[in-house]
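Coordinates from final-v3.txt are shown below (compact mmCIF, C-alpha atoms).
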```txt
# COMPACT_ATOMS: atom_id res chain seq x y z
CA MET A 1 -20.46 -12.11 -10.97
CA PRO A 2 -17.80 -10.70 -13.33
CA ALA A 3 -16.87 -7.04 -13.05
CA THR A 4 -18.26 -4.74 -15.70
CA GLN A 5 -15.86 -2.65 -17.77
CA SER A 6 -16.77 0.50 -15.82
CA GLN A 7 -16.06 -1.26 -12.50
CA ALA A 8 -12.69 -2.47 -13.81
CA ASP A 9 -11.86 1.05 -14.97
CA GLU A 10 -12.42 2.33 -11.44
CA GLN A 11 -9.66 0.14 -10.00
CA VAL A 12 -5.93 0.53 -9.70
CA ARG A 13 -4.43 -2.94 -10.25
CA ILE A 14 -0.74 -3.76 -9.79
CA GLU A 15 0.82 -7.20 -10.08
CA ARG A 16 4.34 -8.05 -8.93
CA ASN A 17 6.55 -11.09 -8.47
CA TYR A 18 9.34 -10.69 -5.91
CA PRO A 19 12.38 -13.00 -5.73
CA VAL A 20 12.03 -13.31 -1.95
CA ALA A 21 10.03 -15.35 0.56
CA ILE A 22 6.46 -14.29 1.31
CA GLU A 23 7.40 -13.23 4.86
CA LYS A 24 9.57 -10.43 3.51
CA VAL A 25 6.82 -9.06 1.24
CA TRP A 26 4.24 -9.34 4.03
CA GLN A 27 6.58 -7.49 6.40
CA ALA A 28 6.98 -4.60 3.94
CA TRP A 29 3.23 -3.95 4.23
CA THR A 30 2.68 -4.72 7.91
CA ASP A 31 5.79 -3.80 9.92
CA PRO A 32 5.81 -0.08 10.80
CA GLN A 33 9.59 0.30 10.30
CA ALA A 34 9.56 -1.53 6.97
CA LEU A 35 6.53 0.46 5.80
CA SER A 36 8.23 3.72 6.76
CA ARG A 37 11.24 2.89 4.57
CA TRP A 38 9.34 2.81 1.27
CA PHE A 39 6.09 4.72 1.75
CA GLY A 40 6.64 8.39 1.00
CA ALA A 41 10.19 7.76 -0.21
CA SER A 42 9.34 9.58 -3.43
CA ASN A 43 9.28 12.93 -1.61
CA GLU A 44 12.87 14.08 -1.32
CA GLY A 45 13.83 15.19 2.17
CA SER A 46 10.75 13.56 3.69
CA THR A 47 10.42 11.32 6.69
CA THR A 48 7.65 8.80 7.06
CA SER A 49 6.25 7.23 10.19
CA ALA A 50 3.74 4.41 10.42
CA GLU A 51 1.49 3.09 13.16
CA VAL A 52 -0.02 -0.37 12.65
CA ASP A 53 -2.56 -2.29 14.74
CA LEU A 54 -2.57 -5.40 12.56
CA ARG A 55 -5.89 -7.11 13.27
CA ALA A 56 -9.38 -6.99 11.79
CA GLY A 57 -10.84 -3.78 13.23
CA GLY A 58 -7.37 -2.42 13.98
CA ARG A 59 -6.25 0.88 12.51
CA TYR A 60 -3.17 2.11 10.71
CA ARG A 61 -1.80 5.59 10.06
CA ILE A 62 1.03 6.66 7.78
CA THR A 63 2.36 10.20 8.02
CA THR A 64 4.91 11.68 5.65
CA THR A 65 6.52 14.96 6.72
CA LEU A 66 7.92 16.85 3.75
CA ALA A 67 11.10 18.92 3.75
CA ASP A 68 8.99 22.11 3.94
CA GLY A 69 7.24 20.87 7.10
CA LYS A 70 3.91 20.01 5.44
CA THR A 71 2.45 16.59 6.15
CA ASN A 72 0.52 13.99 4.20
CA ASP A 73 -1.49 11.67 6.41
CA VAL A 74 -3.42 8.57 5.35
CA SER A 75 -5.22 6.16 7.64
CA GLY A 76 -7.84 3.49 7.76
CA GLU A 77 -9.07 0.30 9.31
CA TYR A 78 -8.04 -3.27 8.59
CA GLN A 79 -11.10 -5.20 7.44
CA VAL A 80 -9.36 -8.51 6.67
CA VAL A 81 -6.01 -9.71 8.04
CA GLU A 82 -4.99 -13.21 6.94
CA VAL A 83 -1.32 -13.46 7.89
CA ARG A 84 0.98 -13.84 4.86
CA HIS A 85 -2.03 -14.24 2.60
CA ARG A 86 -4.42 -11.28 2.43
CA LEU A 87 -4.92 -7.71 3.63
CA VAL A 88 -7.99 -5.56 3.04
CA PHE A 89 -8.20 -2.08 4.52
CA SER A 90 -9.99 1.23 4.13
CA TRP A 91 -8.00 4.21 2.87
CA ALA A 92 -8.65 7.91 3.52
CA TRP A 93 -6.44 10.99 3.44
CA ARG A 94 -6.70 13.38 6.38
CA SER A 95 -7.39 16.17 3.86
CA THR A 96 -10.45 14.32 2.47
CA PRO A 97 -11.74 12.06 5.28
CA ASP A 98 -15.13 11.59 3.61
CA ARG A 99 -13.54 9.98 0.53
CA VAL A 100 -12.93 6.46 1.81
CA SER A 101 -11.64 3.89 -0.67
CA ARG A 102 -10.42 0.29 -0.26
CA VAL A 103 -7.11 -1.51 -0.75
CA SER A 104 -6.95 -5.31 -1.17
CA ILE A 105 -3.66 -7.18 -1.35
CA HIS A 106 -3.17 -10.91 -1.95
CA PHE A 107 0.20 -12.51 -1.24
CA VAL A 108 0.94 -15.84 -2.93
CA ALA A 109 3.98 -17.98 -2.06
CA ARG A 110 5.24 -19.81 -5.13
CA GLU A 111 7.00 -23.17 -5.14
CA ASP A 112 10.19 -21.56 -6.46
CA GLY A 113 10.47 -19.41 -3.30
CA THR A 114 9.25 -16.21 -4.95
CA THR A 115 6.15 -14.26 -3.98
CA ASP A 116 3.34 -12.93 -6.15
CA LEU A 117 1.59 -9.78 -4.99
CA HIS A 118 -1.84 -8.82 -6.35
CA PHE A 119 -2.81 -5.26 -5.42
CA VAL A 120 -6.22 -3.65 -6.04
CA HIS A 121 -7.29 -0.19 -4.90
CA ASP A 122 -10.97 0.56 -5.60
CA ARG A 123 -14.14 2.37 -4.46
CA PHE A 124 -12.79 5.78 -5.44
CA PHE A 125 -14.78 8.99 -5.03
CA ASP A 126 -14.43 9.78 -8.74
CA ALA A 127 -12.28 9.16 -11.83
CA GLN A 128 -9.84 11.93 -10.88
CA ALA A 129 -9.23 10.33 -7.48
CA ARG A 130 -8.53 7.00 -9.21
CA GLN A 131 -6.07 8.65 -11.61
CA ASN A 132 -4.28 10.45 -8.77
CA HIS A 133 -3.97 7.25 -6.76
CA GLU A 134 -2.77 5.27 -9.75
CA ARG A 135 0.01 7.81 -10.33
CA GLY A 136 0.93 7.74 -6.64
CA TRP A 137 0.94 3.95 -6.38
CA GLN A 138 3.10 3.58 -9.49
CA THR A 139 5.71 5.80 -7.85
CA LEU A 140 5.43 4.09 -4.45
CA PHE A 141 5.78 0.63 -5.98
CA VAL A 142 9.15 1.64 -7.47
CA HIS A 143 10.34 2.30 -3.91
CA LEU A 144 8.63 -0.80 -2.52
CA ASP A 145 10.28 -2.94 -5.20
CA ALA A 146 13.70 -1.51 -4.34
CA CYS A 147 13.21 -2.01 -0.59
CA ILE A 148 12.09 -5.61 -0.96
CA GLN A 149 14.85 -6.55 -3.38
CA ASN A 150 17.65 -4.40 -1.87
CA PRO A 151 16.82 -3.70 1.80
CA SER A 152 20.29 -2.30 2.52
CA GLU A 153 19.59 0.67 0.24
CA GLY A 154 17.26 2.04 2.95
CA HIS A 155 14.64 3.60 0.71
```
Just dump the structure as structure tokens.
Amino acid sequence: MPATQSQADEQVRIERNYPVAIEKVWQAWTDPQALSRWFGASNEGSTTSAEVDLRAGGRYRITTTLADGKTNDVSGEYQVVEVRHRLVFSWAWRSTPDRVSRVSIHFVAREDGTTDLHFVHDRFFDAQARQNHERGWQTLFVHLDACIQNPSEGH
């Protein structure tokens, strides 16, 4: 069944093609050290830590500690883990634990050695939550892109 316009409007969709093997893109999303390098990198003076139990039913937690000592903490549960192909997980901020949304990521290895990434974040509490997440993901993807393409920069 095709999505209605209102359902499509409630999603954050991001498409990327990376000039690297699929393993490297998968690792950026699933390896705690790699995840810590790009997630939260937009907050100057911050440090980010990640905990990952990469299996269906496993949980993850990403904590960013800001320069002023405040923390942002997001966590959820992996619903689907298909290695180097697909991740689906719940998403909730510690500050609003009742507002659970969903992230779905498809990884596609191309014949030319590059990797396509199809990202969808949906099931938002309201339109404002979707807008806030879209703004946040746009910023985070700048750092993800840099880390995948230039890992020595240490974002």
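Between atom CA of Thr64 of chain A and atom CA of Val108 of chain A the interatomic distance comes to 29.1 Å.
Reported to one decimal place, the separation of atom CA of Asp112 of chain A from atom CA of Phe39 of chain A is 27.8 Å.
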Would you kindly return, as a PyMOL selection string, each protein, DNA or RNA residue with an atom no farther than 9 Å from any atom of Gln149 of chain A, considering only C-alpha atoms and excluding same-chain residues fewer than 5 positions away? chain A and resi 18-20+144
Excluding Glu77 of chain A and residues on its chain fewer than 4 positions from it, collect all residues at most 7 Å away from it, counting only C-alpha atoms, and give them as a PyMOL selection string. chain A and resi 57-60+89-90
To one decimal place, how far is atom CA of Phe141 of chain A from atom CA of Arg16 of chain A in Å? 9.3 Å
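For Pro97 of chain A, the list of residues within 10 Å, based on all atoms listed in the file and with local chain neighbours fewer than 6 positions off taken out, reads Val74, Ser75, Gly76 and Trp91 of chain A.
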Just want the 10 Å neighbourhood of segment 99-103 of chain A, counted on only C-alpha atoms, with same-chain residues fewer than 3 positions away dropped. Output as an mmCIF file with C-alpha atoms, in the coordinates of the input.
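So selection25.cif came out as:
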```cif
data_model
loop_
_atom_site.group_PDB
_atom_site.id
_atom_site.type_symbol
_atom_site.label_atom_id
_atom_site.label_comp_id
_atom_site.auth_asym_id
_atom_site.auth_seq_id
_atom_site.Cartn_x
_atom_site.Cartn_y
_atom_site.Cartn_z
ATOM 1 C CA GLN A 11 -9.660 0.140 -10.000
ATOM 2 C CA VAL A 12 -5.930 0.530 -9.700
ATOM 3 C CA ARG A 13 -4.430 -2.940 -10.250
ATOM 4 C CA SER A 75 -5.220 6.160 7.640
ATOM 5 C CA GLY A 76 -7.840 3.490 7.760
ATOM 6 C CA GLU A 77 -9.070 0.300 9.310
ATOM 7 C CA TYR A 78 -8.040 -3.270 8.590
ATOM 8 C CA GLN A 79 -11.100 -5.200 7.440
ATOM 9 C CA LEU A 87 -4.920 -7.710 3.630
ATOM 10 C CA VAL A 88 -7.990 -5.560 3.040
ATOM 11 C CA PHE A 89 -8.200 -2.080 4.520
ATOM 12 C CA SER A 90 -9.990 1.230 4.130
ATOM 13 C CA TRP A 91 -8.000 4.210 2.870
ATOM 14 C CA ALA A 92 -8.650 7.910 3.520
ATOM 15 C CA TRP A 93 -6.440 10.990 3.440
ATOM 16 C CA ARG A 94 -6.700 13.380 6.380
ATOM 17 C CA SER A 95 -7.390 16.170 3.860
ATOM 18 C CA THR A 96 -10.450 14.320 2.470
ATOM 19 C CA PHE A 119 -2.810 -5.260 -5.420
ATOM 20 C CA VAL A 120 -6.220 -3.650 -6.040
ATOM 21 C CA HIS A 121 -7.290 -0.190 -4.900
ATOM 22 C CA ASP A 122 -10.970 0.560 -5.600
ATOM 23 C CA ARG A 123 -14.140 2.370 -4.460
ATOM 24 C CA PHE A 124 -12.790 5.780 -5.440
ATOM 25 C CA PHE A 125 -14.780 8.990 -5.030
ATOM 26 C CA ASP A 126 -14.430 9.780 -8.740
ATOM 27 C CA ALA A 129 -9.230 10.330 -7.480
ATOM 28 C CA ARG A 130 -8.530 7.000 -9.210
#
```
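Every protein, DNA or RNA residue with an atom at most 12 Å from Val25 of chain A, where all atoms listed in the file count and chain neighbours fewer than 6 positions away do not, is listed here: Arg16, Asn17, Tyr18, Pro19, Asp31, Ala34, Leu35, Val83, Arg84, His85, Arg86, Ile105, His106, Phe107, Val108, Ala109, Gly113, Thr114, Thr115, Asp116, Leu117, His118, Leu144, Asp145, Ala146, Cys147, Ile148, Gln149 and Pro151 of chain A.
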Generate a file of the selected residues that holds C-alpha atoms, formatted as a PDB file, keeping the file's coordinate frame.
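Output (again19.pdb):
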```pdb
ATOM      1  CA  ARG A  16       4.340  -8.050  -8.930  1.00  0.00           C
ATOM      2  CA  ASN A  17       6.550 -11.090  -8.470  1.00  0.00           C
ATOM      3  CA  TYR A  18       9.340 -10.690  -5.910  1.00  0.00           C
ATOM      4  CA  PRO A  19      12.380 -13.000  -5.730  1.00  0.00           C
ATOM      5  CA  ASP A  31       5.790  -3.800   9.920  1.00  0.00           C
ATOM      6  CA  ALA A  34       9.560  -1.530   6.970  1.00  0.00           C
ATOM      7  CA  LEU A  35       6.530   0.460   5.800  1.00  0.00           C
ATOM      8  CA  VAL A  83      -1.320 -13.460   7.890  1.00  0.00           C
ATOM      9  CA  ARG A  84       0.980 -13.840   4.860  1.00  0.00           C
ATOM     10  CA  HIS A  85      -2.030 -14.240   2.600  1.00  0.00           C
ATOM     11  CA  ARG A  86      -4.420 -11.280   2.430  1.00  0.00           C
ATOM     12  CA  ILE A 105      -3.660  -7.180  -1.350  1.00  0.00           C
ATOM     13  CA  HIS A 106      -3.170 -10.910  -1.950  1.00  0.00           C
ATOM     14  CA  PHE A 107       0.200 -12.510  -1.240  1.00  0.00           C
ATOM     15  CA  VAL A 108       0.940 -15.840  -2.930  1.00  0.00           C
ATOM     16  CA  ALA A 109       3.980 -17.980  -2.060  1.00  0.00           C
ATOM     17  CA  GLY A 113      10.470 -19.410  -3.300  1.00  0.00           C
ATOM     18  CA  THR A 114       9.250 -16.210  -4.950  1.00  0.00           C
ATOM     19  CA  THR A 115       6.150 -14.260  -3.980  1.00  0.00           C
ATOM     20  CA  ASP A 116       3.340 -12.930  -6.150  1.00  0.00           C
ATOM     21  CA  LEU A 117       1.590  -9.780  -4.990  1.00  0.00           C
ATOM     22  CA  HIS A 118      -1.840  -8.820  -6.350  1.00  0.00           C
ATOM     23  CA  LEU A 144       8.630  -0.800  -2.520  1.00  0.00           C
ATOM     24  CA  ASP A 145      10.280  -2.940  -5.200  1.00  0.00           C
ATOM     25  CA  ALA A 146      13.700  -1.510  -4.340  1.00  0.00           C
ATOM     26  CA  CYS A 147      13.210  -2.010  -0.590  1.00  0.00           C
ATOM     27  CA  ILE A 148      12.090  -5.610  -0.960  1.00  0.00           C
ATOM     28  CA  GLN A 149      14.850  -6.550  -3.380  1.00  0.00           C
ATOM     29  CA  PRO A 151      16.820  -3.700   1.800  1.00  0.00           C
TER      30      PRO A 151
END
```
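Using all atoms listed in the file, the shortest contact distance between Glu15 of chain A and any of A:Gln138, A:Asn132, A:Thr48, A:Thr65 is found at A:Gln138.
In terms of minimum interatomic distance to Gly136 of chain A, A:Gly40 ranks closest within A:Ser104, A:Gly40, A:Thr63, A:Glu82, counting all atoms listed in the file.
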